[in-house]
Structure formats: C-alpha cells, structure tokens
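Containing mmCIF, C-alpha atoms: entry39.cif.
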```
data_data
loop_
_atom_site.label_atom_id
_atom_site.label_comp_id
_atom_site.auth_asym_id
_atom_site.auth_seq_id
_atom_site.Cartn_x
_atom_site.Cartn_y
_atom_site.Cartn_z
CA MET M 9 -4.83 33.74 34.36
CA LEU M 10 -3.90 30.56 36.11
CA LYS M 11 -6.14 28.70 33.70
CA ASN M 12 -4.36 30.20 30.69
CA LEU M 13 -1.00 29.41 32.22
CA CYS M 14 -2.08 25.84 32.84
CA GLN M 15 -3.29 25.51 29.27
CA LYS M 16 0.02 26.80 28.01
CA VAL M 17 2.08 24.52 30.21
CA PHE M 18 -0.03 21.38 30.12
CA GLY M 19 -1.70 21.95 26.78
CA ARG M 20 0.08 19.20 24.94
CA SER M 21 0.22 16.50 27.56
CA LEU M 22 -2.14 13.90 26.16
CA TRP M 23 -3.62 11.24 28.37
CA VAL M 24 -4.17 8.20 26.29
CA TYR M 25 -6.79 5.53 26.60
CA HIS M 26 -5.90 2.37 24.77
CA ALA M 27 -8.90 0.62 23.23
CA ASN M 28 -8.53 -2.69 21.44
CA SER M 29 -11.69 -3.69 19.63
CA GLY M 30 -10.67 -7.00 18.21
CA GLY M 31 -7.09 -6.60 17.02
CA CYS M 32 -4.44 -9.30 17.05
CA ASN M 33 -2.39 -7.75 19.92
CA GLY M 34 0.47 -6.74 17.60
CA CYS M 35 -0.32 -3.04 17.81
CA ASP M 36 -0.83 -3.35 21.59
CA ILE M 37 2.70 -4.62 21.98
CA GLU M 38 4.05 -1.75 19.88
CA VAL M 39 2.07 0.79 21.92
CA LEU M 40 3.44 -0.68 25.14
CA ASN M 41 6.89 -0.60 23.56
CA VAL M 42 6.44 3.14 23.09
CA LEU M 43 6.02 3.52 26.87
CA THR M 44 9.31 1.78 27.70
CA PRO M 45 12.40 3.84 28.65
CA TYR M 46 13.82 3.27 25.18
CA TYR M 47 11.10 5.26 23.41
CA ASP M 48 10.01 7.26 26.44
CA VAL M 49 6.83 9.12 25.49
CA GLU M 50 6.32 10.52 28.97
CA ARG M 51 8.82 13.21 27.96
CA PHE M 52 5.97 14.53 25.77
CA GLY M 53 3.55 14.25 28.66
CA ILE M 54 1.80 11.24 27.20
CA LYS M 55 0.46 8.87 29.79
CA LEU M 56 -1.57 5.70 29.55
CA VAL M 57 -4.72 5.84 31.65
CA GLY M 58 -7.10 3.05 32.50
CA SER M 59 -10.44 4.76 32.01
CA PRO M 60 -11.89 6.68 29.05
CA ARG M 61 -13.22 9.27 31.51
CA HIS M 62 -9.66 10.40 32.27
CA ALA M 63 -8.47 10.38 28.69
CA ASP M 64 -7.95 13.03 26.02
CA VAL M 65 -6.99 10.61 23.29
CA MET M 66 -8.27 7.19 22.36
CA LEU M 67 -5.83 4.89 20.60
CA CYS M 68 -7.98 2.48 18.59
CA GLN M 69 -6.52 -0.83 17.56
CA GLY M 70 -8.22 -3.50 15.60
CA PRO M 71 -11.20 -3.15 13.29
CA ALA M 72 -14.71 -2.33 14.42
CA MET M 73 -16.20 -5.75 15.04
CA ARG M 74 -19.83 -6.63 15.30
CA SER M 75 -19.35 -7.76 18.88
CA THR M 76 -17.25 -4.82 20.13
CA GLY M 77 -18.49 -1.92 18.02
CA LYS M 78 -21.14 -0.90 20.51
CA ALA M 79 -18.66 -0.96 23.40
CA LEU M 80 -16.24 1.19 21.39
CA GLN M 81 -18.99 3.71 20.76
CA ARG M 82 -19.81 3.86 24.48
CA ALA M 83 -16.14 4.28 25.39
CA TYR M 84 -15.93 7.17 22.93
CA ALA M 85 -19.05 8.76 24.40
CA ALA M 86 -17.59 8.46 27.90
CA MET M 87 -14.55 10.59 27.07
CA ALA M 88 -14.52 14.26 28.07
CA ALA M 89 -15.26 16.73 25.32
CA PRO M 90 -12.02 17.89 23.62
CA LYS M 91 -11.14 14.43 22.43
CA LEU M 92 -9.04 12.91 19.68
CA VAL M 93 -9.13 9.43 18.18
CA PHE M 94 -6.04 7.81 16.71
CA ALA M 95 -6.41 4.79 14.46
CA VAL M 96 -3.26 2.73 14.99
CA GLY M 97 -2.49 -0.04 12.54
CA SER M 98 -3.98 -1.10 9.26
CA CYS M 99 -6.96 -2.77 10.93
CA ALA M 100 -8.16 0.44 12.57
CA CYS M 101 -7.32 2.56 9.49
CA GLY M 102 -8.97 0.43 6.86
CA GLY M 103 -10.44 -2.77 8.21
CA GLY M 104 -7.37 -4.94 8.12
CA ILE M 105 -6.63 -8.18 6.39
CA TRP M 106 -10.01 -9.66 7.37
CA HIS M 107 -11.99 -6.68 6.11
CA ASP M 108 -14.41 -8.93 4.23
CA SER M 109 -15.22 -11.21 7.15
CA TYR M 110 -18.78 -11.31 8.43
CA ALA M 111 -17.61 -10.45 11.95
CA VAL M 112 -15.85 -7.24 10.89
CA ILE M 113 -17.83 -4.05 10.31
CA GLY M 114 -14.83 -2.24 8.87
CA PRO M 115 -12.49 0.56 9.89
CA VAL M 116 -13.18 2.24 13.22
CA GLU M 117 -14.26 5.42 11.44
CA LYS M 118 -17.49 3.64 10.58
CA ILE M 119 -18.29 3.68 14.31
CA ILE M 120 -16.54 6.76 15.70
CA PRO M 121 -14.89 9.79 14.05
CA VAL M 122 -11.13 9.34 13.58
CA ASN M 123 -8.74 12.30 13.63
CA TYR M 124 -5.33 10.73 12.95
CA TYR M 125 -4.26 7.64 11.07
CA ILE M 126 -1.09 5.65 11.69
CA PRO M 127 -0.89 2.84 9.12
CA GLY M 128 1.35 -0.17 9.47
CA CYS M 129 0.92 -3.80 10.40
CA PRO M 130 1.96 -3.21 13.14
CA PRO M 131 3.36 0.32 12.93
CA ARG M 132 6.87 0.73 14.27
CA PRO M 133 7.09 2.41 17.68
CA GLU M 134 8.78 5.30 15.90
CA ALA M 135 5.82 5.54 13.53
CA ILE M 136 3.42 5.76 16.48
CA ILE M 137 5.57 8.47 18.07
CA TRP M 138 5.65 10.25 14.70
CA GLY M 139 1.87 10.17 14.41
CA VAL M 140 1.45 11.52 17.94
CA ALA M 141 4.07 14.18 17.25
CA VAL M 142 2.17 15.22 14.10
CA ALA M 143 -0.95 15.55 16.21
CA ALA M 144 0.89 17.54 18.89
CA GLY M 145 2.43 19.83 16.29
CA LEU M 146 6.03 18.84 16.97
CA VAL M 147 6.78 17.73 13.40
CA GLU M 148 5.31 18.24 9.94
CA LYS M 149 3.64 15.31 8.22
CA LYS M 150 5.60 13.77 5.39
CA THR M 151 2.97 12.06 3.26
CA ALA M 152 0.93 13.53 0.42
CA PRO M 153 -1.24 11.96 -2.27
CA VAL M 154 0.72 10.94 -5.38
CA GLU M 155 -0.57 10.96 -8.93
CA PHE M 156 1.32 9.91 -12.06
CA LYS M 157 0.30 10.07 -15.69
CA GLN M 158 1.93 8.30 -18.60
CA THR M 159 1.85 10.52 -21.65
CA THR M 160 2.20 9.56 -25.29
CA ASP M 161 3.75 11.47 -28.18
CA PHE M 162 1.85 9.86 -31.04
CA GLN M 163 -1.81 10.20 -31.88
CA ILE M 164 -4.08 7.24 -31.34
CA PRO M 165 -6.00 6.46 -34.55
CA LYS M 166 -9.69 6.02 -33.93
CA TYR M 167 -11.58 3.82 -36.34
CA HIS M 168 -13.82 0.84 -36.40
CA PRO M 169 -11.97 -2.32 -37.41
CA ASP M 170 -14.91 -3.57 -39.50
CA LEU M 171 -14.45 -0.72 -41.95
CA LEU M 172 -10.91 -1.72 -42.88
CA LYS M 173 -10.71 -2.90 -46.50
CA GLY M 174 -7.68 -4.97 -47.30
CA THR M 175 -6.47 -5.24 -50.86
CA GLY M 176 -3.31 -7.30 -50.83
CA ASP M 177 -0.56 -5.43 -49.05
CA LEU M 178 -2.60 -2.27 -48.93
CA VAL M 179 -5.14 -1.91 -46.12
CA ILE M 180 -7.55 0.97 -46.64
CA TYR M 181 -9.95 2.59 -44.27
CA GLU M 182 -13.16 3.65 -45.97
CA LYS M 183 -14.14 6.72 -44.01
CA MET M 184 -10.69 8.28 -43.81
CA ASP M 185 -11.90 11.58 -45.23
CA HIS M 186 -14.41 12.10 -42.47
CA ILE M 187 -11.98 11.93 -39.55
CA MET Y 18 22.06 -2.34 55.38
CA SER Y 19 19.28 -0.48 53.65
CA VAL Y 20 21.51 2.56 53.18
CA MET Y 21 24.08 0.35 51.46
CA SER Y 22 21.48 -1.11 49.13
CA LYS Y 23 20.27 2.40 48.28
CA LEU Y 24 23.82 3.46 47.52
CA LYS Y 25 24.24 0.38 45.34
CA GLU Y 26 21.07 1.32 43.50
CA VAL Y 27 22.41 4.84 42.93
CA ALA Y 28 25.62 3.37 41.53
CA VAL Y 29 23.66 1.12 39.18
CA CYS Y 30 21.54 4.02 38.02
CA LEU Y 31 24.58 6.19 37.37
CA ASN Y 32 26.28 3.42 35.42
CA ALA Y 33 23.24 2.73 33.29
CA GLY Y 34 23.40 6.12 31.59
CA ARG Y 35 20.73 7.35 29.22
CA VAL Y 36 18.98 4.96 26.87
CA THR Y 37 16.08 7.08 25.60
CA LEU Y 38 16.31 7.89 21.92
CA PRO Y 39 15.82 11.54 20.90
CA TYR Y 40 13.48 10.22 18.23
CA PRO Y 41 11.36 12.89 16.55
CA ALA Y 42 14.30 15.32 16.70
CA ASP Y 43 16.84 12.89 15.25
CA PRO Y 44 15.90 10.40 12.52
CA LYS Y 45 16.15 6.74 13.39
CA PRO Y 46 17.49 4.44 10.66
CA VAL Y 47 15.51 1.30 9.94
CA PRO Y 48 16.96 -2.21 9.60
CA GLU Y 49 18.39 -3.40 6.29
CA ARG Y 50 15.45 -5.53 5.10
CA PHE Y 51 12.67 -3.34 6.47
CA ARG Y 52 9.60 -3.02 4.25
CA GLY Y 53 7.91 0.36 4.35
CA ARG Y 54 5.14 1.64 2.13
CA PRO Y 55 5.28 0.51 -1.51
CA LEU Y 56 6.12 3.05 -4.19
CA PHE Y 57 4.75 2.67 -7.71
CA ASP Y 58 6.86 3.72 -10.68
CA SER Y 59 4.64 4.87 -13.52
CA VAL Y 60 7.46 4.75 -16.10
CA LYS Y 61 8.17 1.06 -15.58
CA CYS Y 62 4.59 -0.08 -15.00
CA ILE Y 63 2.99 -1.94 -17.92
CA GLY Y 64 -0.45 -2.24 -16.37
CA CYS Y 65 -0.54 -6.03 -16.12
CA ALA Y 66 -2.52 -5.79 -12.83
CA GLY Y 67 -0.54 -8.62 -11.23
CA CYS Y 68 -0.15 -6.56 -8.06
CA ALA Y 69 -3.90 -6.01 -7.90
CA ASN Y 70 -4.53 -9.73 -8.30
CA ASN Y 71 -2.01 -10.65 -5.61
CA CYS Y 72 -2.82 -8.03 -2.99
CA PRO Y 73 -4.17 -9.95 0.04
CA SER Y 74 -5.96 -6.92 1.45
CA ARG Y 75 -7.34 -5.82 -1.95
CA GLU Y 76 -5.91 -2.34 -1.74
CA ILE Y 77 -4.71 -1.97 -5.33
CA LEU Y 78 -7.59 -1.23 -7.67
CA ILE Y 79 -7.52 -1.38 -11.46
CA LEU Y 80 -10.00 0.65 -13.46
CA ASP Y 81 -10.21 0.75 -17.25
CA VAL Y 82 -11.55 4.21 -17.89
CA CYS Y 83 -11.49 3.94 -21.68
CA GLN Y 84 -9.77 1.87 -24.34
CA GLU Y 85 -6.32 3.37 -23.88
CA ILE Y 86 -6.19 4.52 -20.26
CA ARG Y 87 -5.92 2.16 -17.33
CA VAL Y 88 -5.98 3.66 -13.85
CA LEU Y 89 -4.15 1.89 -11.02
CA THR Y 90 -5.02 3.17 -7.57
CA TYR Y 91 -3.19 2.21 -4.40
CA LEU Y 92 -5.28 3.17 -1.39
CA GLY Y 93 -2.83 2.11 1.30
CA ARG Y 94 -5.13 2.30 4.28
CA ARG Y 95 -5.31 -1.38 5.10
CA CYS Y 96 -2.01 -2.27 3.42
CA THR Y 97 0.06 -4.60 5.61
CA PHE Y 98 3.31 -3.96 3.71
CA CYS Y 99 3.66 -7.65 2.94
CA GLY Y 100 5.60 -6.94 -0.25
CA ARG Y 101 3.72 -9.35 -2.50
CA CYS Y 102 3.05 -6.63 -5.06
CA ALA Y 103 6.78 -5.93 -5.30
CA GLU Y 104 7.51 -9.65 -5.49
CA VAL Y 105 5.08 -10.37 -8.32
CA CYS Y 106 5.81 -7.28 -10.45
CA PRO Y 107 7.54 -8.44 -13.69
CA GLU Y 108 8.98 -5.01 -14.45
CA LYS Y 109 10.13 -4.21 -10.88
CA ALA Y 110 7.90 -1.15 -10.94
CA VAL Y 111 6.82 -1.62 -7.32
CA THR Y 112 9.50 -1.12 -4.69
CA MET Y 113 9.12 -1.36 -0.94
CA SER Y 114 10.57 1.87 0.37
CA LYS Y 115 11.94 2.43 3.85
CA GLU Y 116 9.29 5.06 4.57
CA PHE Y 117 7.45 4.40 7.79
CA GLU Y 118 6.64 7.89 9.07
CA THR Y 119 3.22 7.92 7.45
CA GLY Y 120 1.01 9.18 10.25
CA THR Y 121 -1.47 11.71 8.84
CA ASP Y 122 -4.72 13.39 9.62
CA LYS Y 123 -6.19 12.63 6.17
CA ILE Y 124 -6.39 9.11 4.85
CA ASN Y 125 -6.15 10.45 1.29
CA ASP Y 126 -2.49 11.26 1.87
CA LEU Y 127 -1.65 7.58 1.48
CA HIS Y 128 -3.18 7.24 -1.98
CA GLN Y 129 -1.13 6.69 -5.12
CA ARG Y 130 -2.78 6.92 -8.52
CA LEU Y 131 -1.20 5.94 -11.83
CA GLU Y 132 -2.76 6.64 -15.20
CA LEU Y 133 -1.25 4.17 -17.62
CA PHE Y 134 -1.33 4.27 -21.38
CA MET Y 135 -2.27 0.90 -22.86
CA SER Y 136 -1.59 0.30 -26.54
CA THR Y 137 -4.28 -1.44 -28.55
CA CYS Y 138 -4.22 -3.59 -31.65
CA GLN Y 139 -5.25 -1.57 -34.68
CA ARG Y 140 -7.09 -4.49 -36.19
CA CYS Y 141 -9.12 -5.94 -33.35
CA GLY Y 142 -9.07 -3.03 -30.92
CA ARG Y 143 -7.97 -5.07 -27.93
CA CYS Y 144 -5.02 -4.42 -25.68
CA PHE Y 145 -2.03 -6.51 -26.55
CA LYS Y 146 1.26 -7.51 -25.07
CA GLY Y 147 4.49 -8.72 -26.55
CA GLN Y 148 5.57 -12.30 -27.13
CA SER Y 149 6.34 -14.17 -23.97
CA PRO Y 150 9.54 -16.26 -23.95
CA LEU Y 151 7.42 -19.42 -24.07
CA GLU Y 152 5.60 -18.28 -27.19
CA ALA Y 153 8.88 -17.27 -28.81
CA LEU Y 154 10.22 -20.74 -28.10
CA LYS Y 155 7.12 -22.26 -29.63
CA MET Y 156 7.62 -20.22 -32.77
CA LYS Y 157 11.26 -21.09 -33.27
CA GLY Y 158 11.79 -23.56 -36.09
CA TYR Y 159 8.21 -24.81 -36.15
CA ARG Y 160 6.44 -22.10 -38.04
CA VAL Y 161 5.76 -22.65 -41.71
CA ASP Y 162 2.45 -21.05 -42.50
CA ASP Y 163 0.14 -22.61 -45.02
CA LEU Y 164 -0.83 -19.46 -46.83
CA ALA Y 165 -2.84 -21.18 -49.57
CA ASN Y 166 -5.29 -22.68 -47.09
CA ASP Y 167 -5.14 -19.62 -44.83
CA ARG Y 168 -4.02 -21.35 -41.67
CA TRP Y 169 -1.11 -21.32 -39.32
CA VAL Y 170 1.17 -24.28 -39.24
CA PHE Y 171 3.16 -24.97 -36.12
CA LYS Y 172 4.83 -28.19 -37.19
CA SER Y 173 6.85 -28.41 -40.36
CA THR Y 174 6.02 -32.07 -40.96
CA ALA Y 175 2.31 -31.49 -41.08
CA TYR Y 176 0.92 -29.85 -44.18
CA LEU Y 177 3.61 -29.27 -46.73
CA LYS Y 178 3.32 -31.85 -49.46
CA GLY Y 179 6.24 -32.71 -51.63
CA GLN Y 180 8.80 -31.93 -49.01
CA PRO Y 181 10.56 -34.58 -46.98
CA GLY Y 182 9.23 -34.76 -43.47
CA LEU Y 183 11.66 -33.50 -40.88
CA ASP Y 184 11.80 -34.31 -37.25
CA ASP Y 185 11.36 -31.42 -34.87
CA LEU Y 186 14.66 -32.34 -33.29
CA THR Y 187 16.50 -32.06 -36.57
CA ILE Y 188 15.12 -28.62 -37.16
CA GLU Y 189 16.20 -27.54 -33.72
CA LEU Y 190 19.72 -28.82 -34.19
CA GLU Y 191 20.19 -27.29 -37.63
CA GLY Y 192 18.95 -23.95 -36.44
#
```
Please express the file's structure as structure tokens.
Amino acid sequence: MLKNLCQKVFGRSLWVYHANSGGCNGCDIEVLNVLTPYYDVERFGIKLVGSPRHADVMLCQGPAMRSTGKALQRAYAAMAAPKLVFAVGSCACGGGIWHDSYAVIGPVEKIIPVNYYIPGCPPRPEAIIWGVAVAAGLVEKKTAPVEFKQTTDFQIPKYHPDLLKGTGDLVIYEKMDHI
Amino acid sequence: MSVMSKLKEVAVCLNAGRVTLPYPADPKPVPERFRGRPLFDSVKCIGCAGCANNCPSREILILDVCQEIRVLTYLGRRCTFCGRCAEVCPEKAVTMSKEFETGTDKINDLHQRLELFMSTCQRCGRCFKGQSPLEALKMKGYRVDDLANDRWVFKSTAYLKGQPGLDDLTIELEG
C-alpha cells in the first residue's frame, strides 16, 4: 500500500542524468538554464543527478561519436531499469550539422534507444520543458506529420515526341487513335 | 549581528517576489525575430529545389518520382533552423514559423512532404520554366529570326541583307 502511494506521489519526479557525447555545449547551457529559478523544473520534481545509477532519464546531447559512443552505451546500461532517453538538440536527434564527418557515427539512436526527441539548435529552455512535459503527460504534443499534394485540373497528354509530324502550322500525332 | 543579517536576508527574499514562469500552463511568447521550424507552402512552391541545394544539414530531399511529380521531403530531425531555405526561396514558399514546441516521441512527426506538379514541354518532354528577367532583357530588341536558314538571330545587324545595319543602342532607344 505504501509502495502504491509512493508511486502515485513520486511517480512523475524524474531524476535526470545529463550525458554529453560530443556536443558543442550549447544544449548544455540551455539544460542548465532550465534548472535556474526562472524556469524552475524542480516544481515538476525533476532533478539533475551526477551518476547514471541514480537516474531515471538520460538527457543526451551531441551526436554519437566514434570516441564516446561506447561510453554512452555503458552509461545507458548502468541506469536502473525503467529508463527513458531524451535526445536534446538536432545533433542528438539526427546527427547534427557534422553528420557526414568521419568522427560522427550519427544520431544517438544508433547507439541507444531514444524515447523522446526535442529538436532545435539549441532548443529553447521552454522547448526542453515542453518535451519533458509531453513525456510526463502534462501537455499534449503539438506536432504531426504534414503532407501536401498539388493537384491539376487538366489531363497530361502522354505521347512520344518522335512521333509528332509537323506539316506547317499543323502538328499531328500519328498514333492518336490508339490512346 | 547574525540575527540582523538573517533578518536582512528575509527582507531581501520578500522583496524579490516570484520570478518563476508558469510555463507549460501559460504560453510564453517568443522574441520578434525568432526562427522556429520552417513551414513549406505547397501552393507557392515551384519545385526549383533551391532549398535542398542550400540546406547545410541536407535535410530537404528532392525526389523525381515520375515525369510530372516531384516530391520534396523535409525531415527536420537535424535541422538547425538557420533559415537559409527561407532566404533562398524565390517564391517565398518557405517561412520560418515561431513554432518551437516540437518535442515528440516519434521523429516522423517532424516530417513535411510536398508532392509538386511539374509541367513538361510537349515537344521535348523535359520540365521547363518561364523566361527569367535576364533572358527577357536579352530578347528585347535583338531578336530577328532568320527563318529561311532556320536559325535564331540575336543581333539585328548580323544576317539580314539589304537592310541598313543598326546599332544595338539605336534599337534600344527607339523601342
């Protein structure tokens, strides 16, 4: 009973481990900005911890590099079992601006499974709070895939241009009857 | 002494008030020139693929499925919101929105896909575009085609025999 009560009360207080695997420090500054009194995330129970063994959530910043990929994998393996991974910034989501460099493996989901994506270069502190709030179920996500199609009213004639026979002003297509 | 300093601290704390923003409950407006995620307008887009050529992170892909359909896909996962696609677009079809709340659990939510209709020349079958202003300027006043020899003539002084040769400048001035 006490366990259920604890889960109900402390269920959404995420302890966050902050892993930078080769980012430019821009996202780090935004994450630290989130912890300031201005955007106080401790009101959601979110706390920065120093060890992956204490953490529920790993905030990944920077792409998976050849030098740090193995360490990132070990940090992920060291976390206790119900664990989430957030990819913060465009480097962690998709490989970043140096995605084609020889030192970069790619997005962090090539190394470890990623649950939530927060794009931006760097994401605003509000965007990071929004992503965490989506994960905690406080708000609904706003994005959805978009697809547009241009339609045409007129039919496109299909013929081979070699079969056009021009006689003066009149241009005739030979196989017109067959189409 | 220490009691006084504590009291001073209490006074400072009471004066400071509350600075924390009630963010996810209340929306926070962004600055005036903030660049959020780009939005692609399929009505204005002509499929020139300038955005795909200029994208530094190679996130806009162009795929010619068949002769008439060109598919433009914006993946958006490693987009840095630099705004070069919006800057280079000749038709202003790409706009940088003020959307920043894009955190999702599926990366596919960031995709935008446009299927564009490309018109083709009925003679040669290739895609074509209209005259550029430079080409229109080149045409003006200089174009007297030599139909007998089946060739284009771009300068009026060149091929027409029996007519007095005119300077290009004169033709320009007389309209």
With distances taken over only C-alpha atoms, which residue among Y:Cys30, Y:Ile86, Y:Ile79, Y:Val105 lies nearest chain M? Y:Ile86
Please determine the contact residues of chain Y with respect to chain M at a cut-off of 7 Å, counting all atoms listed in the file, and supply them as a list in words. Val36, Thr37, Leu38, Pro41, Ser59, Ser74, Arg94, Arg95, Cys96, Thr97, Phe117, Glu118, Thr119, Gly120, Thr121, Asp122, Ile124, Asn125, Asp126, Leu127, His128, Gln129, Arg130, Leu131, Glu132, Leu133, Phe134, Arg140 and Cys141 of chain Y
Shell of 12 Å around Y:Pro55, only C-alpha atoms, local chain residues under 6 positions omitted, as a PyMOL selection string: (chain M and resi 128) or (chain Y and resi 68+72+76-77+91-93+96-104+106+109-117+119+127-129)
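If you look at atom CA of M:Gly77 and atom CA of M:Asn33, they are 17.2 Å away from each other.
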Of the listed residues Y:Val20, Y:Met135, Y:Pro44, Y:Leu78, that which approaches Y:Ile63 most closely, counting all atoms listed in the file: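 Checking each of Y:Val20, Y:Met135, Y:Pro44, Y:Leu78 against Y:Ile63, counting all atoms listed in the file, the winner is Y:Met135.
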Matched chain/residue IDs from the PyMOL selection byres ((chain M and resi 23) around 6), as a list of chain:residue names: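 What the PyMOL selection byres ((chain M and resi 23) around 6) grabs from the file is M:Leu22, M:Val24, M:Ile54, M:Lys55, M:Ala63, M:Asp64.
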Going by the chain IDs and residue numbers used in this file, which residues fall under the PyMOL selection byres ((chain M and resi 89) around 12)? Write them as a list in words.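 What the PyMOL selection byres ((chain M and resi 89) around 12) grabs from the file is Pro60, Arg61, His62, Ala63, Asp64, Val65, Tyr84, Ala85, Ala86, Met87, Ala88, Pro90, Lys91, Leu92 and Val93 of chain M.
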So how many Å separate atom CA of M:Met73 and atom CA of M:Gly30, to one decimal?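 Pair atom CA of M:Met73 / atom CA of M:Gly30 returns 6.5 Å.
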One decimal, in Å: what's the spacing between atom CA of M:Thr76 and atom CA of Y:Pro73?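 Taking atom CA of M:Thr76 and atom CA of Y:Pro73, their separation equals 24.5 Å.
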